[in-house]
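Quick look at my_file_39.txt (compact mmCIF, C-alpha atoms):
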```txt
# COMPACT_ATOMS: atom_id res chain seq x y z
CA ALA A 1 -12.20 116.68 11.78
CA GLN A 2 -8.63 115.69 11.05
CA SER A 3 -5.92 117.08 13.26
CA VAL A 4 -2.29 116.65 14.16
CA ALA A 5 -0.44 117.66 17.27
CA GLN A 6 3.23 118.32 17.82
CA PRO A 7 3.71 118.27 21.57
CA GLU A 8 7.13 119.93 21.59
CA ASP A 9 7.63 123.55 20.62
CA GLN A 10 11.38 123.04 20.54
CA VAL A 11 13.82 120.15 20.37
CA ASN A 12 17.49 120.61 21.13
CA VAL A 13 20.02 118.04 19.93
CA ALA A 14 23.80 117.87 19.77
CA GLU A 15 25.30 117.36 16.34
CA GLY A 16 25.84 113.68 15.60
CA ASN A 17 23.16 112.53 18.03
CA PRO A 18 19.90 110.98 16.88
CA LEU A 19 16.88 113.25 16.75
CA THR A 20 13.15 112.70 17.07
CA VAL A 21 10.40 115.20 16.39
CA LYS A 22 7.05 113.96 17.63
CA CYS A 23 3.68 114.04 15.92
CA THR A 24 0.35 112.47 16.84
CA TYR A 25 -2.73 112.48 14.70
CA SER A 26 -6.47 112.17 14.92
CA VAL A 27 -8.32 111.17 11.77
CA SER A 28 -11.43 109.44 10.61
CA GLY A 29 -10.49 106.80 8.09
CA ASN A 30 -7.04 106.13 6.74
CA PRO A 31 -4.47 108.79 7.57
CA TYR A 32 -2.40 110.46 4.89
CA LEU A 33 0.49 112.02 6.79
CA PHE A 34 3.28 114.35 5.74
CA TRP A 35 6.36 116.01 7.14
CA TYR A 36 7.63 119.37 5.90
CA VAL A 37 10.60 121.51 6.88
CA GLN A 38 10.76 125.29 6.79
CA TYR A 39 13.95 127.31 6.85
CA PRO A 40 13.79 130.97 7.99
CA ASN A 41 11.69 133.18 5.71
CA ARG A 42 11.23 130.36 3.23
CA GLY A 43 8.38 128.22 2.01
CA LEU A 44 7.95 124.63 3.08
CA GLN A 45 9.93 121.74 1.67
CA PHE A 46 8.53 118.24 1.51
CA LEU A 47 10.41 115.60 3.50
CA LEU A 48 8.31 112.46 3.38
CA LYS A 49 4.82 111.03 3.46
CA TYR A 50 2.87 108.01 4.62
CA ILE A 51 -0.03 106.87 2.50
CA THR A 52 0.00 103.12 2.88
CA GLY A 53 2.46 100.26 3.04
CA ASP A 54 5.56 100.00 5.21
CA ASN A 55 5.32 101.75 8.53
CA LEU A 56 8.87 103.06 8.22
CA VAL A 57 9.03 105.76 5.59
CA LYS A 58 12.31 107.14 4.31
CA GLY A 59 12.54 110.66 2.98
CA SER A 60 14.83 113.47 1.99
CA TYR A 61 18.07 114.52 3.72
CA GLY A 62 18.34 111.26 5.64
CA PHE A 63 15.07 111.68 7.52
CA GLU A 64 12.63 108.88 8.19
CA ALA A 65 9.34 108.56 10.01
CA GLU A 66 7.57 105.69 11.65
CA PHE A 67 3.83 105.31 11.33
CA ASN A 68 2.34 103.72 14.44
CA LYS A 69 -1.35 103.07 14.15
CA SER A 70 -1.91 101.87 17.69
CA GLN A 71 -0.29 104.98 19.13
CA THR A 72 -1.62 107.26 16.36
CA SER A 73 1.85 108.67 15.94
CA PHE A 74 4.09 109.62 13.05
CA HIS A 75 7.38 110.69 14.61
CA LEU A 76 10.15 112.10 12.46
CA LYS A 77 13.64 110.70 13.05
CA LYS A 78 17.20 111.00 11.89
CA PRO A 79 20.08 108.80 13.12
CA SER A 80 22.67 111.57 13.19
CA ALA A 81 21.71 115.23 13.35
CA LEU A 82 23.50 117.97 11.45
CA VAL A 83 23.71 121.65 12.36
CA SER A 84 22.11 122.36 8.98
CA ASP A 85 19.03 120.41 10.08
CA SER A 86 18.13 123.30 12.38
CA ALA A 87 14.77 124.55 11.13
CA LEU A 88 11.03 124.50 11.79
CA TYR A 89 9.37 121.14 11.20
CA PHE A 90 5.69 120.61 10.48
CA CYS A 91 3.64 117.47 10.57
CA ALA A 92 0.49 117.54 8.44
CA VAL A 93 -2.52 115.40 7.66
CA ARG A 94 -4.61 115.45 4.53
CA ASP A 95 -8.12 116.77 4.95
CA THR A 96 -11.03 116.79 2.53
CA GLY A 97 -10.42 118.31 -0.88
CA GLY A 98 -6.70 117.70 -0.66
CA LYS A 99 -6.18 120.37 1.99
CA LEU A 100 -3.39 119.95 4.50
CA ILE A 101 -3.93 120.49 8.19
CA PHE A 102 -0.68 121.38 9.91
CA GLY A 103 0.56 120.83 13.41
CA GLN A 104 1.87 123.69 15.49
CA GLY A 105 5.41 123.17 14.34
CA THR A 106 8.56 122.14 16.23
CA GLU A 107 11.70 124.19 16.14
CA LEU A 108 14.72 121.93 15.91
CA SER A 109 18.02 123.30 17.09
CA VAL A 110 21.17 121.27 16.47
CA LYS A 111 24.25 122.54 18.26
CA PRO A 112 27.83 121.73 17.24
CA GLY B 113 10.51 118.47 -8.61
CA ALA B 114 7.72 120.91 -9.33
CA VAL B 115 8.40 124.58 -8.65
CA VAL B 116 6.02 127.20 -7.32
CA SER B 117 7.02 130.83 -7.33
CA GLN B 118 5.58 133.83 -5.56
CA HIS B 119 5.90 137.51 -6.32
CA PRO B 120 6.76 139.74 -4.64
CA SER B 121 8.87 138.13 -1.95
CA ARG B 122 8.49 141.15 0.26
CA VAL B 123 6.17 144.14 0.21
CA ILE B 124 5.72 147.13 2.46
CA CYS B 125 2.62 149.24 2.01
CA LYS B 126 0.66 151.96 3.72
CA SER B 127 -2.52 151.24 5.61
CA GLY B 128 -5.56 151.43 3.35
CA THR B 129 -3.84 150.35 0.17
CA SER B 130 -4.32 147.06 -1.67
CA VAL B 131 -1.59 144.54 -2.35
CA LYS B 132 -1.59 141.77 -4.93
CA ILE B 133 0.47 138.61 -4.48
CA GLU B 134 1.03 136.23 -7.37
CA CYS B 135 1.50 132.48 -7.13
CA ARG B 136 2.70 130.60 -10.20
CA SER B 137 3.29 126.94 -10.91
CA LEU B 138 6.33 127.08 -13.17
CA ASP B 139 6.55 123.63 -14.70
CA PHE B 140 3.17 122.07 -14.10
CA GLN B 141 -0.48 122.97 -14.24
CA ALA B 142 -2.44 123.54 -11.09
CA THR B 143 -6.21 123.66 -11.24
CA THR B 144 -6.15 124.10 -7.47
CA MET B 145 -3.88 126.17 -5.31
CA PHE B 146 -3.98 126.85 -1.60
CA TRP B 147 -3.27 130.09 0.25
CA TYR B 148 -1.90 130.08 3.77
CA ARG B 149 -1.05 132.69 6.33
CA GLN B 150 1.72 132.26 8.85
CA PHE B 151 2.66 134.33 11.89
CA PRO B 152 6.22 134.27 13.22
CA LYS B 153 7.24 130.85 14.46
CA GLN B 154 3.68 129.63 14.20
CA SER B 155 1.85 127.13 12.08
CA LEU B 156 0.34 127.71 8.67
CA MET B 157 -3.31 128.66 8.66
CA LEU B 158 -5.20 127.73 5.53
CA MET B 159 -7.06 130.76 4.24
CA ALA B 160 -8.65 129.54 1.05
CA THR B 161 -8.62 127.07 -1.79
CA SER B 162 -8.20 128.67 -5.18
CA ASN B 163 -9.93 126.92 -8.08
CA GLU B 164 -9.12 127.64 -11.70
CA GLY B 165 -12.10 129.09 -13.49
CA SER B 166 -14.36 129.23 -10.47
CA LYS B 167 -14.77 130.94 -7.13
CA ALA B 168 -12.36 130.31 -4.32
CA THR B 169 -13.44 128.41 -1.24
CA TYR B 170 -12.67 130.29 1.94
CA GLU B 171 -12.05 128.82 5.36
CA GLN B 172 -14.25 129.81 8.23
CA GLY B 173 -13.38 133.22 9.61
CA VAL B 174 -11.56 134.45 6.50
CA GLU B 175 -13.15 137.53 4.95
CA LYS B 176 -13.85 137.00 1.28
CA ASP B 177 -14.03 140.70 0.52
CA LYS B 178 -10.79 141.32 2.34
CA PHE B 179 -8.75 138.61 0.68
CA LEU B 180 -9.70 138.42 -2.99
CA ILE B 181 -8.52 135.36 -4.85
CA ASN B 182 -8.42 134.96 -8.60
CA HIS B 183 -7.29 131.81 -10.37
CA ALA B 184 -7.46 132.90 -13.97
CA SER B 185 -5.21 130.30 -15.53
CA LEU B 186 -3.82 126.85 -14.89
CA THR B 187 -0.54 128.32 -13.67
CA LEU B 188 -1.50 131.50 -11.85
CA SER B 189 -3.44 132.37 -8.74
CA THR B 190 -3.46 135.81 -7.15
CA LEU B 191 -4.30 136.94 -3.65
CA THR B 192 -5.23 140.59 -3.21
CA VAL B 193 -5.28 142.00 0.28
CA THR B 194 -7.72 144.89 0.02
CA SER B 195 -7.56 147.97 2.22
CA ALA B 196 -4.69 146.49 4.14
CA HIS B 197 -4.23 147.26 7.82
CA PRO B 198 -1.33 146.57 10.16
CA GLU B 199 -3.05 143.43 11.48
CA ASP B 200 -2.83 141.99 7.95
CA SER B 201 0.95 142.00 8.22
CA SER B 202 2.01 138.40 7.91
CA PHE B 203 3.82 135.81 5.81
CA TYR B 204 1.60 134.57 3.00
CA ILE B 205 2.39 131.23 1.37
CA CYS B 206 0.77 129.48 -1.55
CA SER B 207 0.97 125.85 -2.56
CA ALA B 208 -0.14 123.58 -5.34
CA PRO B 209 -0.66 119.83 -5.17
CA GLY B 210 1.48 117.65 -7.36
CA GLY B 211 0.28 114.96 -9.67
CA ALA B 212 -2.92 114.57 -11.62
CA SER B 213 -6.09 115.87 -10.05
CA GLY B 214 -7.17 112.40 -9.07
CA SER B 215 -4.07 111.82 -7.00
CA TRP B 216 -3.95 115.00 -4.92
CA SER B 217 -4.60 113.10 -1.78
CA TYR B 218 -1.50 110.99 -2.23
CA ASN B 219 0.96 113.55 -3.47
CA GLU B 220 2.75 116.24 -1.61
CA GLN B 221 2.02 119.89 -2.06
CA PHE B 222 4.64 122.18 -3.51
CA PHE B 223 5.02 125.45 -1.69
CA GLY B 224 6.03 128.85 -2.89
CA PRO B 225 8.79 130.72 -1.03
CA GLY B 226 6.29 133.04 0.62
CA THR B 227 5.55 136.76 0.61
CA ARG B 228 6.29 138.92 3.62
CA LEU B 229 3.66 141.66 3.87
CA THR B 230 4.24 144.60 6.18
CA VAL B 231 1.48 147.18 6.49
CA LEU B 232 2.54 150.46 8.06
```

For the structure just supplied, provide its representation as structure tokens.
Amino acid sequence: AQSVAQPEDQVNVAEGNPLTVKCTYSVSGNPYLFWYVQYPNRGLQFLLKYITGDNLVKGSYGFEAEFNKSQTSFHLKKPSALVSDSALYFCAVRDTGGKLIFGQGTELSVKP
Amino acid sequence: GAVVSQHPSRVICKSGTSVKIECRSLDFQATTMFWYRQFPKQSLMLMATSNEGSKATYEQGVEKDKFLINHASLTLSTLTVTSAHPEDSSFYICSAPGGASGSWSYNEQFFGPGTRLTVL
């Protein structure tokens, strides 16, 4: 079965510093990977996806993610964090029938 | 981008009553929608896949008679929590995949804003 893991429950970053939110995956076949962000009491917003092609994927709000096949990772990154980036971030992998399997989520806190 | 709405955004009900939550794709058709449940600061748990014109597919451990799903049109799926109890209190989120049916795997899902259910 497909699965993703987010090893950090929380990531704390100072505003202006680079941020990384980690995600590792386990899939059979080619992985289709996604990152979503959730603000308090809101639905999820799509950030970016990896289907095929370049390992470095650029997405919304200045985020990017690097697909690393050898390490089975898909870490989310941003060069300079903003306070408004504080939210809950989910990594997900596509399962059969188009379903998404989500990681546990990582709470990102960016302090001024 | 595509928009998915949910109604109501928040509902409080008494134990034993039934609650219906609507999920609509506003500017696109969705033959499939997904229903998730989320506890505070936790991940989304897929409950079921809603299929237009046919029965929903439920994930293991989800009671079909408890969580009734109806996908009567290409833009509307409903989740009815029957005989709700306090343990059903949760945040319920629906989503619909973008793009044509053959490209679901490659396109992101569009999520509704969620419905907060509180059962007293």

Could you give me, as a CSV table (one decimal) with C-alpha atoms, keeping the file's coordinate frame, the residues that sit within 12 Å of (-1.1, 104.9, 0.7) in the file's coordinates, counting all atoms listed in the file?
```
chain,number,residue,atom,x,y,z
A,30,ASN,CA,-7.0,106.1,6.7
A,31,PRO,CA,-4.5,108.8,7.6
A,32,TYR,CA,-2.4,110.5,4.9
A,33,LEU,CA,0.5,112.0,6.8
A,34,PHE,CA,3.3,114.4,5.7
A,49,LYS,CA,4.8,111.0,3.5
A,50,TYR,CA,2.9,108.0,4.6
A,51,ILE,CA,0.0,106.9,2.5
A,52,THR,CA,0.0,103.1,2.9
A,53,GLY,CA,2.5,100.3,3.0
A,54,ASP,CA,5.6,100.0,5.2
A,55,ASN,CA,5.3,101.8,8.5
A,57,VAL,CA,9.0,105.8,5.6
A,67,PHE,CA,3.8,105.3,11.3
A,94,ARG,CA,-4.6,115.4,4.5
B,215,SER,CA,-4.1,111.8,-7.0
B,216,TRP,CA,-4.0,115.0,-4.9
B,217,SER,CA,-4.6,113.1,-1.8
B,218,TYR,CA,-1.5,111.0,-2.2
B,219,ASN,CA,1.0,113.6,-3.5
```

Using all atoms listed in the file, find which residues of chain A lie within 6 Å of chain B and jot them down as a list of chain:residue names.
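So the contacting residues turn out to be A:Arg42, A:Gly43, A:Leu44, A:Gly98, A:Gln104, A:Gly105.
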
Place a sphere of radius 12 Å on (12.6, 108.2, 9.2) in the file coordinates and name every protein, DNA or RNA residue with an atom inside or on its surface, counting all atoms listed in the file; give the answer as a PyMOL selection string.
chain A and resi 18-22+34-35+47-50+54-67+74-80

Could you please take those selected residues and save C-alpha atoms as a short mmCIF file (atom, residue, chain, number, x, y, z; two decimals), in the frame of the given file?
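Written out: part.cif:
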```cif
data_model
loop_
_atom_site.label_atom_id
_atom_site.label_comp_id
_atom_site.auth_asym_id
_atom_site.auth_seq_id
_atom_site.Cartn_x
_atom_site.Cartn_y
_atom_site.Cartn_z
CA PRO A 18 19.90 110.98 16.88
CA LEU A 19 16.88 113.25 16.75
CA THR A 20 13.15 112.70 17.07
CA VAL A 21 10.40 115.20 16.39
CA LYS A 22 7.05 113.96 17.63
CA PHE A 34 3.28 114.35 5.74
CA TRP A 35 6.36 116.01 7.14
CA LEU A 47 10.41 115.60 3.50
CA LEU A 48 8.31 112.46 3.38
CA LYS A 49 4.82 111.03 3.46
CA TYR A 50 2.87 108.01 4.62
CA ASP A 54 5.56 100.00 5.21
CA ASN A 55 5.32 101.75 8.53
CA LEU A 56 8.87 103.06 8.22
CA VAL A 57 9.03 105.76 5.59
CA LYS A 58 12.31 107.14 4.31
CA GLY A 59 12.54 110.66 2.98
CA SER A 60 14.83 113.47 1.99
CA TYR A 61 18.07 114.52 3.72
CA GLY A 62 18.34 111.26 5.64
CA PHE A 63 15.07 111.68 7.52
CA GLU A 64 12.63 108.88 8.19
CA ALA A 65 9.34 108.56 10.01
CA GLU A 66 7.57 105.69 11.65
CA PHE A 67 3.83 105.31 11.33
CA PHE A 74 4.09 109.62 13.05
CA HIS A 75 7.38 110.69 14.61
CA LEU A 76 10.15 112.10 12.46
CA LYS A 77 13.64 110.70 13.05
CA LYS A 78 17.20 111.00 11.89
CA PRO A 79 20.08 108.80 13.12
CA SER A 80 22.67 111.57 13.19
#
```

As AutoDock Vina command-line options, please report the centre and edge lengths, rounded to one decimal in Å, of the axis-aligned box that holds all listed atoms of segment 158-172 of chain B with 3 Å of padding on each of the six sides.
```
--center_x -10.0 --center_y 128.9 --center_z -2.6 --size_x 15.6 --size_y 10.0 --size_z 27.7
```

For segment 164-177 of chain B, find every residue with an atom within 9 Å (counting only C-alpha atoms), except residues of its own chain fewer than 5 positions away, and show them as a list in words.
Ala142, Thr143, Thr144, Met145, Leu158, Met159, Asn182, His183, Ala184, Ser185, Leu186, Thr187, Leu188, Ser189, Val193 and Thr194 of chain B

Between atom CA of Gly97 of chain A and atom CA of Phe151 of chain B, measure the distance and give it in Å to one decimal.
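Atom-to-atom, atom CA of Gly97 of chain A to atom CA of Phe151 of chain B, that is 24.3 Å.
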
Atom CA of Asp85 of chain A to atom CA of Val115 of chain B, distance in Å rounded to a single decimal:
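The value is 21.9 Å.
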
Find the distance between atom CA of Phe140 of chain B and atom CA of Leu88 of chain A and write it in Å to one decimal.
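Those two atoms sit 27.2 Å apart.
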
In terms of the shortest atom-to-atom distance over all atoms listed in the file, which of B:Ala114, B:Ala196, B:Leu180, B:Leu229 is closest to Leu138 of chain B?
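Among B:Ala114, B:Ala196, B:Leu180, B:Leu229, it is B:Ala114 that comes nearest to Leu138 of chain B.
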
Can you pull out every residue within 8 Å of Glu15 of chain A, counting all atoms listed in the file, but drop anything in the same chain fewer than 3 positions away, and send it as an MDAnalysis selection string?
chainID A and resid 80:83 110:112
